[in-house]
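Structure data (compact mmCIF, C-alpha atoms) from target-v7.txt:
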# COMPACT_ATOMS: atom_id res chain seq x y z
CA GLY A 1 0.00 0.00 0.00
CA GLU A 2 0.88 3.67 -0.06
CA ASN A 3 3.38 5.05 2.45
CA VAL A 4 3.69 8.78 3.06
CA GLU A 5 6.60 10.27 5.00
CA GLN A 6 6.47 13.86 6.19
CA HIS A 7 9.33 16.06 7.40
CA PRO A 8 10.06 17.79 9.63
CA SER A 9 7.83 16.72 12.50
CA THR A 10 8.23 20.12 14.14
CA LEU A 11 9.18 23.46 12.62
CA SER A 12 9.66 26.80 14.33
CA VAL A 13 10.06 30.00 12.33
CA GLN A 14 10.09 33.70 13.02
CA GLU A 15 7.08 35.70 11.86
CA GLY A 16 7.66 36.85 8.29
CA ASP A 17 9.98 33.98 7.42
CA SER A 18 9.09 31.16 5.03
CA ALA A 19 8.23 27.61 6.05
CA VAL A 20 8.64 24.48 3.96
CA ILE A 21 7.21 21.06 4.73
CA LYS A 22 8.13 18.06 2.61
CA CYS A 23 6.43 14.75 1.93
CA THR A 24 7.44 11.69 -0.02
CA TYR A 25 5.16 8.93 -1.23
CA SER A 26 5.79 5.42 -2.44
CA ASP A 27 2.95 4.49 -4.79
CA SER A 28 3.50 5.80 -8.31
CA ALA A 29 -0.24 5.42 -8.92
CA SER A 30 -0.98 8.25 -6.46
CA ASN A 31 -2.08 11.34 -8.32
CA TYR A 32 -3.90 13.55 -5.81
CA PHE A 33 -2.05 15.34 -3.00
CA PRO A 34 -3.99 17.45 -0.52
CA TRP A 35 -2.69 19.41 2.47
CA TYR A 36 -4.74 19.86 5.63
CA LYS A 37 -4.26 22.33 8.46
CA GLN A 38 -5.36 21.47 11.98
CA GLU A 39 -5.33 24.27 14.51
CA LEU A 40 -5.14 23.34 18.17
CA GLY A 41 -8.35 21.67 19.28
CA LYS A 42 -10.00 22.09 15.90
CA ARG A 43 -10.83 19.92 12.93
CA PRO A 44 -8.42 19.43 9.99
CA GLN A 45 -9.30 21.62 7.02
CA LEU A 46 -8.10 21.46 3.44
CA ILE A 47 -5.86 24.40 2.57
CA ILE A 48 -4.54 23.44 -0.85
CA ASP A 49 -4.28 20.42 -3.10
CA ILE A 50 -2.51 19.44 -6.29
CA ARG A 51 -3.04 16.82 -8.94
CA SER A 52 -0.31 14.97 -10.74
CA ASN A 53 -0.84 16.79 -14.02
CA VAL A 54 0.31 20.03 -12.38
CA GLY A 55 3.78 20.83 -11.05
CA GLU A 56 2.92 23.79 -8.86
CA LYS A 57 -0.12 25.52 -7.45
CA LYS A 58 -0.37 28.76 -5.51
CA ASP A 59 -3.01 30.35 -3.35
CA GLN A 60 -1.93 33.66 -1.87
CA ARG A 61 0.83 32.89 0.66
CA ILE A 62 0.75 29.13 0.27
CA ALA A 63 2.01 27.01 -2.59
CA VAL A 64 2.50 23.35 -3.26
CA THR A 65 5.04 21.79 -5.61
CA LEU A 66 5.06 18.25 -6.93
CA ASN A 67 7.90 16.21 -8.37
CA LYS A 68 6.36 13.02 -9.75
CA THR A 69 9.67 11.54 -10.79
CA ALA A 70 11.12 11.81 -7.32
CA LYS A 71 7.74 11.11 -5.70
CA HIS A 72 7.80 14.09 -3.41
CA PHE A 73 5.70 17.17 -2.85
CA SER A 74 6.14 20.19 -0.64
CA LEU A 75 4.10 22.90 1.04
CA HIS A 76 5.55 26.39 1.05
CA ILE A 77 4.22 29.15 3.27
CA THR A 78 5.64 32.61 2.74
CA GLU A 79 5.46 35.63 5.04
CA THR A 80 4.37 33.44 7.92
CA GLN A 81 2.02 34.85 10.55
CA PRO A 82 1.24 33.63 14.09
CA GLU A 83 -2.13 32.34 12.85
CA ASP A 84 -0.26 29.92 10.59
CA SER A 85 0.74 28.03 13.74
CA ALA A 86 -0.93 24.62 13.47
CA VAL A 87 -0.34 20.99 12.56
CA TYR A 88 -0.10 20.42 8.82
CA PHE A 89 -0.83 17.06 7.23
CA CYS A 90 0.01 15.96 3.72
CA ALA A 91 -1.78 13.09 2.03
CA ALA A 92 -1.58 11.05 -1.15
CA SER A 93 -4.23 9.08 -2.94
CA GLU A 94 -4.96 7.39 -6.21
CA GLY A 95 -7.52 9.58 -7.85
CA VAL A 96 -9.64 11.98 -5.87
CA ASN A 97 -11.15 9.03 -4.13
CA ALA A 98 -10.58 10.26 -0.61
CA GLY A 99 -11.31 6.83 0.76
CA LYS A 100 -7.87 5.73 -0.27
CA SER A 101 -5.93 8.70 1.11
CA THR A 102 -2.83 8.00 3.15
CA PHE A 103 -1.78 10.78 5.49
CA GLY A 104 1.65 11.80 6.70
CA ASP A 105 2.30 12.01 10.43
CA GLY A 106 1.96 15.79 10.50
CA THR A 107 4.23 18.78 11.05
CA THR A 108 3.71 21.09 14.00
CA LEU A 109 4.50 24.61 12.78
CA THR A 110 5.09 27.34 15.33
CA VAL A 111 5.39 30.92 14.13
CA LYS A 112 7.02 33.13 16.73
CA PRO A 113 5.95 36.79 16.77
CA GLU B 114 -24.96 24.59 5.76
CA ALA B 115 -24.31 22.33 8.73
CA GLY B 116 -20.90 20.69 8.84
CA VAL B 117 -20.02 17.17 9.84
CA THR B 118 -21.29 16.49 13.34
CA GLN B 119 -20.02 13.86 15.74
CA SER B 120 -21.24 12.56 19.07
CA PRO B 121 -20.38 12.19 21.82
CA THR B 122 -17.68 14.84 22.17
CA HIS B 123 -16.02 12.90 24.95
CA LEU B 124 -16.40 9.31 26.07
CA ILE B 125 -14.75 7.52 28.96
CA LYS B 126 -14.75 3.74 29.08
CA THR B 127 -12.86 1.00 30.86
CA ARG B 128 -10.85 -1.81 29.32
CA GLY B 129 -12.99 -4.54 27.80
CA GLN B 130 -16.04 -2.33 27.32
CA GLN B 131 -17.53 -1.31 24.01
CA ALA B 132 -17.71 2.20 22.57
CA THR B 133 -20.07 3.55 19.91
CA LEU B 134 -19.33 6.79 18.12
CA ARG B 135 -21.69 8.53 15.74
CA CYS B 136 -21.28 10.78 12.74
CA SER B 137 -23.62 12.79 10.54
CA PRO B 138 -22.13 13.87 7.21
CA ILE B 139 -22.76 17.11 5.38
CA SER B 140 -26.10 16.99 3.61
CA GLY B 141 -25.63 15.51 0.15
CA HIS B 142 -22.41 13.69 1.02
CA THR B 143 -22.67 9.95 0.60
CA SER B 144 -19.16 8.98 1.70
CA VAL B 145 -18.12 8.80 5.34
CA TYR B 146 -14.61 8.12 6.60
CA TRP B 147 -13.31 7.33 10.05
CA TYR B 148 -9.82 8.19 11.24
CA GLN B 149 -8.01 7.60 14.52
CA GLN B 150 -5.73 10.35 15.78
CA ALA B 151 -3.75 9.22 18.78
CA LEU B 152 -2.04 11.93 20.83
CA GLY B 153 0.86 13.40 18.90
CA LEU B 154 0.35 11.10 15.96
CA GLY B 155 -1.10 11.45 12.50
CA LEU B 156 -4.40 10.46 11.00
CA GLN B 157 -4.72 6.71 10.76
CA PHE B 158 -7.38 5.56 8.31
CA LEU B 159 -9.96 3.22 9.84
CA LEU B 160 -12.96 2.79 7.56
CA TRP B 161 -14.67 4.22 4.50
CA TYR B 162 -18.38 3.87 3.80
CA ASP B 163 -20.19 4.92 0.69
CA GLU B 164 -23.84 4.38 -0.19
CA GLY B 165 -24.24 2.09 2.79
CA GLU B 166 -21.37 -0.22 1.91
CA GLU B 167 -17.93 -0.62 3.43
CA ARG B 168 -15.53 0.35 0.62
CA ASN B 169 -12.15 0.22 2.30
CA ARG B 170 -10.65 -0.66 5.62
CA GLY B 171 -7.41 0.40 7.28
CA ASN B 172 -4.96 -1.78 9.14
CA PHE B 173 -7.00 -2.18 12.32
CA PRO B 174 -8.25 -5.33 14.07
CA PRO B 175 -11.79 -6.61 13.48
CA ARG B 176 -12.96 -5.24 16.83
CA PHE B 177 -13.13 -1.91 15.02
CA SER B 178 -16.29 -2.00 12.94
CA GLY B 179 -19.00 0.26 11.75
CA ARG B 180 -21.89 0.82 9.48
CA GLN B 181 -23.59 3.45 7.41
CA PHE B 182 -27.31 4.03 7.59
CA PRO B 183 -29.72 4.85 4.72
CA ASN B 184 -29.52 8.55 5.64
CA TYR B 185 -25.70 8.29 5.22
CA SER B 186 -24.96 8.81 8.91
CA SER B 187 -22.47 6.38 10.33
CA GLU B 188 -21.53 4.58 13.49
CA LEU B 189 -18.11 3.36 14.61
CA ASN B 190 -18.03 0.54 17.13
CA VAL B 191 -14.97 -0.46 19.08
CA ASN B 192 -15.30 -3.72 21.01
CA ALA B 193 -13.10 -5.10 23.78
CA LEU B 194 -11.53 -1.71 24.39
CA GLU B 195 -7.82 -1.55 25.09
CA LEU B 196 -5.85 1.27 26.66
CA GLU B 197 -4.18 2.10 23.35
CA ASP B 198 -7.59 2.79 21.79
CA SER B 199 -7.56 6.10 23.64
CA ALA B 200 -7.55 8.69 20.87
CA LEU B 201 -9.48 11.32 19.00
CA TYR B 202 -11.74 9.68 16.44
CA LEU B 203 -12.42 11.89 13.49
CA CYS B 204 -15.21 11.42 11.02
CA ALA B 205 -15.10 13.04 7.59
CA SER B 206 -17.42 13.16 4.64
CA SER B 207 -17.04 13.92 0.97
CA ASN B 208 -19.17 14.38 -2.10
CA ARG B 209 -17.82 11.95 -4.66
CA ASP B 210 -20.02 13.48 -7.36
CA LEU B 211 -18.01 16.71 -7.17
CA ASN B 212 -14.80 14.77 -7.79
CA THR B 213 -12.77 17.17 -5.67
CA GLY B 214 -11.33 14.75 -3.14
CA GLU B 215 -11.73 17.21 -0.27
CA LEU B 216 -12.52 15.68 3.10
CA PHE B 217 -14.74 17.64 5.47
CA PHE B 218 -13.94 16.69 9.04
CA GLY B 219 -16.02 16.78 12.18
CA GLU B 220 -14.71 18.05 15.52
CA GLY B 221 -14.04 14.50 16.66
CA SER B 222 -14.97 12.25 19.56
CA ARG B 223 -12.31 11.87 22.22
CA LEU B 224 -12.31 8.35 23.61
CA THR B 225 -10.48 7.68 26.85
CA VAL B 226 -9.99 4.09 27.96
CA LEU B 227 -9.10 3.60 31.62
Would it be possible to restate this file's structure as structure tokens?
Amino acid sequence: GENVEQHPSTLSVQEGDSAVIKCTYSDSASNYFPWYKQELGKRPQLIIDIRSNVGEKKDQRIAVTLNKTAKHFSLHITETQPEDSAVYFCAASEGVNAGKSTFGDGTTLTVKP
Amino acid sequence: EAGVTQSPTHLIKTRGQQATLRCSPISGHTSVYWYQQALGLGLQFLLWYDEGEERNRGNFPPRFSGRQFPNYSSELNVNALELEDSALYLCASSNRDLNTGELFFGEGSRLTVL
């Protein structure tokens, strides 16, 4: 089955700096890669996703890049703000069939003011 | 529009007992997923139901089971509870017709096994 590894497990940055979280996957059939943000005590929420026919996708301060050959994808957050502090999860699945998503173990991002 | 709702919010049981957790998906969503989130760990996939059928199952023992009702709500049952079952159980739903893949999560049910 699919295996998703996520690094780092914790990340601390100064407000205004950039943050990068990386994930690798094992199943070459995976073609949908969402990222979820879970604030403390709250539910995970989708913040951005990318499909395998696209190499990069941006939404304001967040972007995701995908390297299919190397089987890795990354989340980039620029100009970080304290409200970006949360746990971020990457996931990989074959198709947009969420029932087959495999999640990474999460990255706890702390943005220091 | 109401989001995914889960009950109970908290549940305390003792070893060997059974726990039942409930989930109501977003209206119009036919797929329901269950995940276990142990403290400090990621989201471990438990079960996926769609149109009343179990479609996929994660690497959990058979004492984790569930079902989906005709109104698409779902129930997760955990039998013979063990201490390591203590976790936050998250339910999510999706609309497969939209083909977006986005999971909409509930707030979770925190199960504590003593």
Original post:
Quick one: of A:Val87, A:Val20, A:Ile77, A:Leu11, who's nearest to chain B, counting all atoms listed in the file?
Top reply: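 The closest residue to chain B is A:Val87.
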With 9 Å as the cut-off and only C-alpha atoms counted, what is the closest atom pair between each nearby residue of chain A and chain B? Distances in Å to one decimal, ordered by chain and number, as JSON lines.
{"residue": "A:Tyr32", "atom": "CA", "partner": "B:Gly214", "partner_atom": "CA", "distance": 8.0}
{"residue": "A:Pro34", "atom": "CA", "partner": "B:Glu215", "partner_atom": "CA", "distance": 7.7}
{"residue": "A:Gly41", "atom": "CA", "partner": "B:Glu220", "partner_atom": "CA", "distance": 8.2}
{"residue": "A:Lys42", "atom": "CA", "partner": "B:Glu220", "partner_atom": "CA", "distance": 6.2}
{"residue": "A:Arg43", "atom": "CA", "partner": "B:Glu220", "partner_atom": "CA", "distance": 5.0}
{"residue": "A:Pro44", "atom": "CA", "partner": "B:Phe218", "partner_atom": "CA", "distance": 6.2}
{"residue": "A:Gln45", "atom": "CA", "partner": "B:Phe217", "partner_atom": "CA", "distance": 6.9}
{"residue": "A:Leu46", "atom": "CA", "partner": "B:Glu215", "partner_atom": "CA", "distance": 6.7}
{"residue": "A:Asp49", "atom": "CA", "partner": "B:Glu215", "partner_atom": "CA", "distance": 8.6}
{"residue": "A:Phe89", "atom": "CA", "partner": "B:Gly155", "partner_atom": "CA", "distance": 7.7}
{"residue": "A:Gly95", "atom": "CA", "partner": "B:Gly214", "partner_atom": "CA", "distance": 8.0}
{"residue": "A:Val96", "atom": "CA", "partner": "B:Gly214", "partner_atom": "CA", "distance": 4.2}
{"residue": "A:Asn97", "atom": "CA", "partner": "B:Gly214", "partner_atom": "CA", "distance": 5.8}
{"residue": "A:Ala98", "atom": "CA", "partner": "B:Gly214", "partner_atom": "CA", "distance": 5.2}
{"residue": "A:Gly99", "atom": "CA", "partner": "B:Trp161", "partner_atom": "CA", "distance": 5.7}
{"residue": "A:Lys100", "atom": "CA", "partner": "B:Asn169", "partner_atom": "CA", "distance": 7.4}
{"residue": "A:Ser101", "atom": "CA", "partner": "B:Phe158", "partner_atom": "CA", "distance": 8.0}
{"residue": "A:Thr102", "atom": "CA", "partner": "B:Phe158", "partner_atom": "CA", "distance": 7.3}
{"residue": "A:Phe103", "atom": "CA", "partner": "B:Leu156", "partner_atom": "CA", "distance": 6.1}
{"residue": "A:Gly104", "atom": "CA", "partner": "B:Gly155", "partner_atom": "CA", "distance": 6.4}
{"residue": "A:Asp105", "atom": "CA", "partner": "B:Gly155", "partner_atom": "CA", "distance": 4.0}
{"residue": "A:Gly106", "atom": "CA", "partner": "B:Gly155", "partner_atom": "CA", "distance": 5.7}
Show which residues sit within 7 Å of A:Glu56, as a PDB file with C-alpha atoms, keeping the file's coordinate frame. Count only C-alpha atoms, and ignore same-chain residues fewer than 5 positions away.
ATOM      1  CA  VAL A  64       2.500  23.350  -3.260  1.00  0.00           C
ATOM      2  CA  THR A  65       5.040  21.790  -5.610  1.00  0.00           C
ATOM      3  CA  LEU A  66       5.060  18.250  -6.930  1.00  0.00           C
TER       4      LEU A  66
END
Subject >> atom CA of B:Glu167 to atom CA of B:Ser186, straight-line distance in Å >> reply: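 Atom-to-atom, atom CA of B:Ser186 and atom CA of B:Glu167 are spaced 13.0 Å apart.
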Subject >> Which residue of B:His142, B:Arg128, B:Arg135, B:His123 approaches B:Tyr185 most closely, using only C-alpha atoms >> reply: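 When distances to B:Tyr185 are compared using only C-alpha atoms, the smallest one comes from B:His142.
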**OP:** Grab the atom CA of A:Glu83 to atom CA of B:Cys136 distance for me, in Å with one decimal place.
**Re:**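 Atom-to-atom, atom CA of A:Glu83 and atom CA of B:Cys136 are spaced 28.8 Å apart.
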**OP:** Using atom CA of A:Tyr88 and atom CA of A:Trp35 as the two end points, give the distance in Å to one decimal.
**Re:**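 Calculated distance between atom CA of A:Tyr88 and atom CA of A:Trp35 is 6.9 Å.
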Subject >> Residue nearest B:Tyr202 among B:Ala115, B:Ile125, B:Leu227, B:Ala151 (counting only C-alpha atoms) >> reply: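 Checking each candidate against B:Tyr202, we get B:Ala151 as the closest.
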Original post:
What lies within 7 Å of A:Glu2 using all atoms listed in the file, ignoring chain neighbours under 2 positions off, as a list in words?
Top reply: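 Close residues of A:Glu2: Val4, Tyr25, Ser26, Asp27 and Thr102 of chain A.
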**OP:** Excluding B:Leu152 and residues on its chain fewer than 5 positions from it, collect all residues at most 10 Å away from it, counting all atoms listed in the file, and give them as a PyMOL selection string.
**Re:** chain B and resi 199-201
When you get a chance, write out all heavy atoms for stretch 11-22 of chain A, as a compact mmCIF listing (two decimals), keeping the file's coordinate frame.
# COMPACT_ATOMS: atom_id res chain seq x y z
N LEU A 11 8.52 22.37 13.34
CA LEU A 11 9.18 23.46 12.62
C LEU A 11 8.83 24.76 13.33
O LEU A 11 7.66 25.06 13.56
CB LEU A 11 8.70 23.49 11.17
CG LEU A 11 9.24 24.57 10.24
CD1 LEU A 11 10.76 24.47 10.14
CD2 LEU A 11 8.62 24.44 8.86
N SER A 12 9.86 25.51 13.68
CA SER A 12 9.66 26.80 14.33
C SER A 12 10.31 27.88 13.49
O SER A 12 11.48 27.75 13.11
CB SER A 12 10.27 26.76 15.75
OG SER A 12 10.05 27.99 16.41
N VAL A 13 9.54 28.90 13.16
CA VAL A 13 10.06 30.00 12.33
C VAL A 13 9.67 31.32 12.97
O VAL A 13 8.74 31.41 13.77
CB VAL A 13 9.53 29.93 10.88
CG1 VAL A 13 9.94 28.62 10.21
CG2 VAL A 13 8.03 30.12 10.83
N GLN A 14 10.39 32.35 12.56
CA GLN A 14 10.09 33.70 13.02
C GLN A 14 9.01 34.28 12.09
O GLN A 14 9.00 34.00 10.87
CB GLN A 14 11.36 34.54 12.95
CG GLN A 14 11.43 35.68 13.95
CD GLN A 14 11.48 35.22 15.39
OE1 GLN A 14 12.13 34.23 15.74
NE2 GLN A 14 10.78 35.94 16.25
N GLU A 15 8.12 35.06 12.66
CA GLU A 15 7.08 35.70 11.86
C GLU A 15 7.72 36.43 10.67
O GLU A 15 8.71 37.14 10.82
CB GLU A 15 6.30 36.69 12.72
CG GLU A 15 5.16 37.38 12.00
CD GLU A 15 4.37 38.31 12.91
OE1 GLU A 15 4.69 38.39 14.12
OE2 GLU A 15 3.43 38.95 12.42
N GLY A 16 7.14 36.22 9.49
CA GLY A 16 7.66 36.85 8.29
C GLY A 16 8.57 35.95 7.47
O GLY A 16 8.77 36.18 6.28
N ASP A 17 9.12 34.93 8.14
CA ASP A 17 9.98 33.98 7.42
C ASP A 17 9.11 33.00 6.62
O ASP A 17 7.89 32.96 6.77
CB ASP A 17 10.86 33.19 8.39
CG ASP A 17 11.97 34.05 8.96
OD1 ASP A 17 12.18 35.19 8.46
OD2 ASP A 17 12.63 33.60 9.92
N SER A 18 9.79 32.20 5.79
CA SER A 18 9.09 31.16 5.03
C SER A 18 9.19 29.82 5.75
O SER A 18 10.12 29.59 6.53
CB SER A 18 9.70 31.02 3.63
OG SER A 18 9.49 32.19 2.88
N ALA A 19 8.24 28.96 5.49
CA ALA A 19 8.23 27.61 6.05
C ALA A 19 8.03 26.62 4.92
O ALA A 19 7.21 26.86 4.01
CB ALA A 19 7.13 27.46 7.09
N VAL A 20 8.77 25.52 4.97
CA VAL A 20 8.64 24.48 3.96
C VAL A 20 8.46 23.13 4.64
O VAL A 20 9.24 22.77 5.53
CB VAL A 20 9.88 24.42 3.03
CG1 VAL A 20 9.69 23.32 1.98
CG2 VAL A 20 10.11 25.77 2.37
N ILE A 21 7.47 22.40 4.21
CA ILE A 21 7.21 21.06 4.73
C ILE A 21 7.24 20.10 3.55
O ILE A 21 6.65 20.39 2.50
CB ILE A 21 5.84 20.98 5.43
CG1 ILE A 21 5.78 22.00 6.57
CG2 ILE A 21 5.58 19.57 5.98
CD1 ILE A 21 4.39 22.18 7.16
N LYS A 22 7.94 18.98 3.73
CA LYS A 22 8.13 18.06 2.61
C LYS A 22 7.51 16.69 2.88
O LYS A 22 7.54 16.20 4.01
CB LYS A 22 9.63 17.90 2.34
CG LYS A 22 10.31 19.20 1.94
CD LYS A 22 11.79 19.01 1.68
CE LYS A 22 12.43 20.34 1.29
NZ LYS A 22 13.87 20.22 1.01
